[in-house]
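> Data: final04.cif, mmCIF, C-alpha atoms.
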data_query
#
loop_
_atom_site.group_PDB
_atom_site.id
_atom_site.type_symbol
_atom_site.label_atom_id
_atom_site.label_comp_id
_atom_site.auth_asym_id
_atom_site.auth_seq_id
_atom_site.Cartn_x
_atom_site.Cartn_y
_atom_site.Cartn_z
ATOM 1 C CA MET B 1 -16.388 -2.511 39.661
ATOM 2 C CA ARG B 2 -13.075 -3.307 37.967
ATOM 3 C CA ARG B 3 -11.982 -6.731 36.825
ATOM 4 C CA HIS B 4 -8.541 -7.903 35.796
ATOM 5 C CA LEU B 5 -8.688 -9.874 32.524
ATOM 6 C CA PRO B 6 -5.313 -11.399 31.583
ATOM 7 C CA GLY B 7 -4.724 -11.274 27.827
ATOM 8 C CA LEU B 8 -6.967 -8.259 27.214
ATOM 9 C CA ALA B 9 -3.988 -6.046 26.330
ATOM 10 C CA ASP B 10 -2.953 -8.530 23.636
ATOM 11 C CA CYS B 11 -6.242 -7.882 21.828
ATOM 12 C CA THR B 12 -5.571 -4.160 21.600
ATOM 13 C CA ARG B 13 -1.986 -4.707 20.422
ATOM 14 C CA ALA B 14 -3.380 -6.562 17.404
ATOM 15 C CA LEU B 15 -5.128 -3.334 16.349
ATOM 16 C CA GLU B 16 -1.887 -1.335 16.471
ATOM 17 C CA ALA B 17 -0.175 -1.023 13.123
ATOM 18 C CA ASP B 18 2.766 -3.364 12.460
ATOM 19 C CA VAL B 19 4.002 -0.841 9.941
ATOM 20 C CA PRO B 20 3.320 2.824 10.792
ATOM 21 C CA ASP B 21 2.091 5.445 8.329
ATOM 22 C CA GLY B 22 4.866 6.396 5.942
ATOM 23 C CA ILE B 23 6.707 5.639 2.734
ATOM 24 C CA TYR B 24 8.070 2.153 2.009
ATOM 25 C CA LEU B 25 9.890 0.289 -0.713
ATOM 26 C CA VAL B 26 7.767 -2.818 -1.313
ATOM 27 C CA ARG B 27 7.469 -5.939 -3.458
ATOM 28 C CA VAL B 28 4.168 -7.321 -4.764
ATOM 29 C CA ASP B 29 3.746 -10.846 -3.396
ATOM 30 C CA ARG B 30 0.182 -11.656 -4.350
ATOM 31 C CA VAL B 31 -2.719 -10.029 -6.167
ATOM 32 C CA GLN B 32 -6.293 -11.241 -6.169
ATOM 33 C CA TYR B 33 -9.284 -9.829 -8.050
ATOM 34 C CA ARG B 34 -12.523 -9.594 -6.102
ATOM 35 C CA ARG B 35 -15.828 -9.088 -7.844
ATOM 36 C CA ALA B 36 -18.149 -7.048 -5.657
ATOM 37 C CA ARG B 37 -20.491 -4.101 -5.989
ATOM 38 C CA LYS B 38 -17.241 -2.143 -6.406
ATOM 39 C CA PRO B 39 -14.696 -4.576 -7.912
ATOM 40 C CA PHE B 40 -11.165 -4.370 -6.540
ATOM 41 C CA TYR B 41 -7.757 -6.036 -6.364
ATOM 42 C CA VAL B 42 -6.404 -7.165 -3.005
ATOM 43 C CA LEU B 43 -2.671 -6.447 -2.950
ATOM 44 C CA HIS B 44 -0.329 -8.326 -0.626
ATOM 45 C CA LEU B 45 2.933 -6.385 -0.395
ATOM 46 C CA THR B 46 6.131 -7.086 1.547
ATOM 47 C CA THR B 47 8.222 -4.172 2.800
ATOM 48 C CA LEU B 48 11.853 -4.151 1.697
ATOM 49 C CA GLU B 49 12.930 -0.784 3.140
ATOM 50 C CA PRO B 50 13.372 0.926 5.575
ATOM 51 C CA GLN B 51 15.262 -1.881 7.241
ATOM 52 C CA PRO B 52 13.409 -1.871 10.605
ATOM 53 C CA PHE B 53 10.208 -2.841 8.756
ATOM 54 C CA ALA B 54 11.717 -5.189 6.156
ATOM 55 C CA GLY B 55 9.687 -8.373 5.778
ATOM 56 C CA HIS B 56 6.446 -6.936 7.168
ATOM 57 C CA SER B 57 3.246 -7.419 5.175
ATOM 58 C CA LEU B 58 0.893 -4.744 3.892
ATOM 59 C CA ILE B 59 -2.510 -5.751 2.593
ATOM 60 C CA SER B 60 -4.938 -3.322 1.008
ATOM 61 C CA ARG B 61 -7.293 -2.791 -1.907
ATOM 62 C CA LEU B 62 -7.115 -0.972 -5.200
ATOM 63 C CA TYR B 63 -10.557 -0.431 -6.677
ATOM 64 C CA CYS B 64 -11.260 -1.000 -10.387
ATOM 65 C CA THR B 65 -14.279 1.245 -10.804
ATOM 66 C CA GLN B 66 -14.242 3.886 -13.521
ATOM 67 C CA LYS B 67 -13.861 6.586 -10.874
ATOM 68 C CA ALA B 68 -10.856 4.858 -9.254
ATOM 69 C CA MET B 69 -9.128 3.687 -12.447
ATOM 70 C CA TRP B 70 -6.602 6.547 -12.249
ATOM 71 C CA LYS B 71 -5.187 5.149 -9.009
ATOM 72 C CA LEU B 72 -4.882 1.621 -10.378
ATOM 73 C CA GLY B 73 -3.132 3.050 -13.440
ATOM 74 C CA TRP B 74 -0.800 5.077 -11.215
ATOM 75 C CA PHE B 75 0.169 1.909 -9.324
ATOM 76 C CA LEU B 76 0.711 -0.085 -12.525
ATOM 77 C CA ARG B 77 2.866 2.602 -14.176
ATOM 78 C CA ASP B 78 5.053 3.307 -11.135
ATOM 79 C CA PHE B 79 5.579 -0.384 -10.374
ATOM 80 C CA ARG B 80 6.649 -0.867 -14.019
ATOM 81 C CA TYR B 81 3.854 -3.207 -15.065
ATOM 82 C CA ASP B 82 4.252 -4.686 -18.565
ATOM 83 C CA PRO B 83 3.486 -1.813 -20.995
ATOM 84 C CA GLU B 84 2.116 -4.208 -23.639
ATOM 85 C CA LEU B 85 -0.475 -5.581 -21.217
ATOM 86 C CA LEU B 86 -1.264 -2.050 -20.059
ATOM 87 C CA ARG B 87 -1.867 -0.884 -23.643
ATOM 88 C CA SER B 88 -4.161 -3.858 -24.265
ATOM 89 C CA GLU B 89 -6.006 -3.012 -21.007
ATOM 90 C CA GLU B 90 -5.232 -6.390 -19.425
ATOM 91 C CA ILE B 91 -4.069 -7.245 -15.936
ATOM 92 C CA ASP B 92 -2.200 -10.513 -15.494
ATOM 93 C CA GLU B 93 -2.001 -11.272 -11.780
ATOM 94 C CA CYS B 94 1.095 -13.435 -12.344
ATOM 95 C CA ALA B 95 2.856 -10.543 -14.117
ATOM 96 C CA LEU B 96 2.267 -8.341 -11.059
ATOM 97 C CA ARG B 97 4.080 -10.712 -8.673
ATOM 98 C CA GLY B 98 7.594 -9.570 -7.915
ATOM 99 C CA LEU B 99 7.142 -5.968 -9.080
ATOM 100 C CA ILE B 100 8.901 -3.461 -6.819
ATOM 101 C CA GLY B 101 7.969 0.137 -6.117
ATOM 102 C CA VAL B 102 7.362 2.755 -3.453
ATOM 103 C CA VAL B 103 4.067 3.141 -1.636
ATOM 104 C CA LYS B 104 2.866 5.758 0.833
ATOM 105 C CA ILE B 105 0.461 4.276 3.366
ATOM 106 C CA SER B 106 -1.817 5.507 6.097
ATOM 107 C CA HIS B 107 -4.079 3.659 8.503
ATOM 108 C CA THR B 108 -7.734 4.284 9.187
ATOM 109 C CA VAL B 109 -10.562 2.586 11.064
ATOM 110 C CA VAL B 110 -13.926 2.215 9.329
ATOM 111 C CA ASN B 111 -16.827 0.671 11.239
ATOM 112 C CA GLY B 112 -14.366 -0.868 13.701
ATOM 113 C CA THR B 113 -12.173 -2.414 10.995
ATOM 114 C CA ALA B 114 -8.538 -1.282 10.721
ATOM 115 C CA LEU B 115 -7.579 -0.615 7.092
ATOM 116 C CA VAL B 116 -4.379 0.305 5.255
ATOM 117 C CA ASN B 117 -4.782 3.013 2.606
ATOM 118 C CA PHE B 118 -2.474 3.381 -0.371
ATOM 119 C CA ASP B 119 -2.048 7.156 -0.571
ATOM 120 C CA GLY B 120 0.589 7.312 -3.290
ATOM 121 C CA PHE B 121 3.060 5.440 -5.453
ATOM 122 C CA ALA B 122 6.482 6.039 -6.973
ATOM 123 C CA ALA B 123 8.978 4.054 -8.993
ATOM 124 C CA ALA B 124 11.540 1.982 -7.085
ATOM 125 C CA SER B 125 14.269 4.103 -8.683
ATOM 126 C CA GLU B 126 13.016 7.064 -6.610
ATOM 127 C CA TRP B 127 13.446 5.239 -3.278
ATOM 128 C CA GLU B 128 16.914 6.635 -2.480
ATOM 129 C CA GLU B 129 15.760 10.221 -3.008
ATOM 130 C CA LEU B 130 12.522 9.725 -1.084
ATOM 131 C CA SER B 131 14.140 7.913 1.836
ATOM 132 C CA ALA B 132 16.866 10.562 2.101
ATOM 133 C CA SER B 133 14.290 13.344 2.259
ATOM 134 C CA LEU B 134 12.397 11.439 4.967
ATOM 135 C CA ALA B 135 15.309 11.999 7.318
ATOM 136 C CA GLY B 136 14.604 15.749 7.163
ATOM 137 C CA ALA B 137 10.804 15.672 7.202
ATOM 138 C CA SER B 138 8.072 13.615 8.797
ATOM 139 C CA SER B 139 6.171 11.233 6.484
ATOM 140 C CA GLY B 140 3.028 13.333 6.962
ATOM 141 C CA GLU B 141 4.744 16.301 5.298
ATOM 142 C CA MET B 142 6.316 14.213 2.556
ATOM 143 C CA ALA B 143 4.525 14.090 -0.783
ATOM 144 C CA LEU B 144 5.272 11.560 -3.479
ATOM 145 C CA PRO B 145 6.152 12.893 -6.914
ATOM 146 C CA GLY B 146 3.047 13.108 -9.082
ATOM 147 C CA LYS B 147 0.674 12.905 -6.084
ATOM 148 C CA ARG B 148 -2.894 13.108 -7.264
ATOM 149 C CA GLY B 149 -6.168 13.718 -5.445
ATOM 150 C CA SER B 150 -7.884 10.974 -3.465
ATOM 151 C CA SER B 151 -10.360 8.492 -4.940
#
What is this structure when it is put down as structure tokens?


Amino acid sequence: MRRHLPGLADCTRALEADVPDGIYLVRVDRVQYRRARKPFYVLHLTTLEPQPFAGHSLISRLYCTQKAMWKLGWFLRDFRYDPELLRSEEIDECALRGLIGVVKISHTVVNGTALVNFDGFAAASEWEELSASLAGASSGEMALPGKRGSS
């Protein structure tokens, strides 16, 4: 037996990604530390480029475990975090706000929850080169400079 349920399609649209997998120029809007079994930072980013996705939000995690520290460091270096704070091994959430850089994202579903993964980072100064090369290749084939293995 089939039933028509108005509004059901709206529920599935919510699961579709606002911003598809790819490479984006973004600004850090908010950062929040979460203490858990595996401590992490929740990053709230706003897309600046490409223009069709400007103003969209990206929210994901960067873990702070010893094993994942390389990825956090990669993000901090490419987004030009204060080198003095980096040398003293301190993260100031206020100092992160407003930083601009490039992020490569992908989407995944884990236990029914849609998640955004940060697959790579690059300095904002590399955006022009990266966006120009996107015109000739799909984002799945595109690798960010200095791409490292996964965490």

> Between B:Leu134, B:Ile91, B:Leu115, B:Leu99, which one has atoms that come closest to B:Leu48, using only C-alpha atoms?

B:Leu99

> Kindly assemble as JSON lines a list of the stretch 95-132 of chain B residues that lie within 12 Å of stretch 71-85 of chain B, each paired with its nearest atom pair and their distance in Å to one decimal, using all atoms listed in the file, sorted first by chain and then by ascending residue number.


{"residue": "B:Ala95", "atom": "CA", "partner": "B:Tyr81", "partner_atom": "CA", "distance": 7.5}
{"residue": "B:Leu96", "atom": "CA", "partner": "B:Tyr81", "partner_atom": "CA", "distance": 6.7}
{"residue": "B:Arg97", "atom": "CA", "partner": "B:Tyr81", "partner_atom": "CA", "distance": 9.9}
{"residue": "B:Gly98", "atom": "CA", "partner": "B:Phe79", "partner_atom": "CA", "distance": 9.7}
{"residue": "B:Leu99", "atom": "CA", "partner": "B:Phe79", "partner_atom": "CA", "distance": 5.9}
{"residue": "B:Ile100", "atom": "CA", "partner": "B:Phe79", "partner_atom": "CA", "distance": 5.8}
{"residue": "B:Gly101", "atom": "CA", "partner": "B:Phe79", "partner_atom": "CA", "distance": 4.9}
{"residue": "B:Val102", "atom": "CA", "partner": "B:Phe79", "partner_atom": "CA", "distance": 7.8}
{"residue": "B:Val103", "atom": "CA", "partner": "B:Phe75", "partner_atom": "CA", "distance": 8.7}
{"residue": "B:Lys104", "atom": "CA", "partner": "B:Phe75", "partner_atom": "CA", "distance": 11.2}
{"residue": "B:Asn117", "atom": "CA", "partner": "B:Lys71", "partner_atom": "CA", "distance": 11.8}
{"residue": "B:Phe118", "atom": "CA", "partner": "B:Lys71", "partner_atom": "CA", "distance": 9.2}
{"residue": "B:Asp119", "atom": "CA", "partner": "B:Lys71", "partner_atom": "CA", "distance": 9.2}
{"residue": "B:Gly120", "atom": "CA", "partner": "B:Phe75", "partner_atom": "CA", "distance": 8.1}
{"residue": "B:Phe121", "atom": "CA", "partner": "B:Phe75", "partner_atom": "CA", "distance": 6.0}
{"residue": "B:Ala122", "atom": "CA", "partner": "B:Asp78", "partner_atom": "CA", "distance": 5.2}
{"residue": "B:Ala123", "atom": "CA", "partner": "B:Asp78", "partner_atom": "CA", "distance": 4.5}
{"residue": "B:Ala124", "atom": "CA", "partner": "B:Phe79", "partner_atom": "CA", "distance": 7.2}
{"residue": "B:Ser125", "atom": "CA", "partner": "B:Asp78", "partner_atom": "CA", "distance": 9.6}
{"residue": "B:Glu126", "atom": "CA", "partner": "B:Asp78", "partner_atom": "CA", "distance": 9.9}
{"residue": "B:Trp127", "atom": "CA", "partner": "B:Asp78", "partner_atom": "CA", "distance": 11.7}

> With a distance cut-off of 8 Å and all atoms listed in the file, select the neighbouring residues of stretch 54-66 of chain B, excluding the residue or stretch itself and same-chain residues fewer than 3 positions from it, and output the selection as a PyMOL selection string.

chain B and resi 18-19+38-51+69+71-72+115-118

> What's the separation between atom CA of B:Ile105 and atom CA of B:Ile23, in Å to one decimal place?

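Interatomic distance here is 6.4 Å.
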
> What gap, in Å, lies between atom CA of B:Glu90 and atom CA of B:Arg35?

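It comes out at 15.9 Å.
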
> Can you work out the spacing between atom CA of B:His107 and atom CA of B:Asp21 in Å, to one decimal?

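Taking atom CA of B:His107 as the start and atom CA of B:Asp21 as the end point, the length is 6.4 Å.
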
> Edge lengths and centre in Å to one decimal, as AutoDock Vina command-line options, of the axis-aligned box that encloses all listed atoms of stretch 119-126 of chain B with 4 Å added on every side?


--center_x 6.1 --center_y 4.6 --center_z -4.8 --size_x 24.3 --size_y 13.3 --size_z 16.4

> Pick the closest to B:Arg30 from B:Arg87, B:Glu93, B:Met1, B:Glu128: which is it, counting all atoms listed in the file?

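Smallest distance to B:Arg30 is found for B:Glu93.
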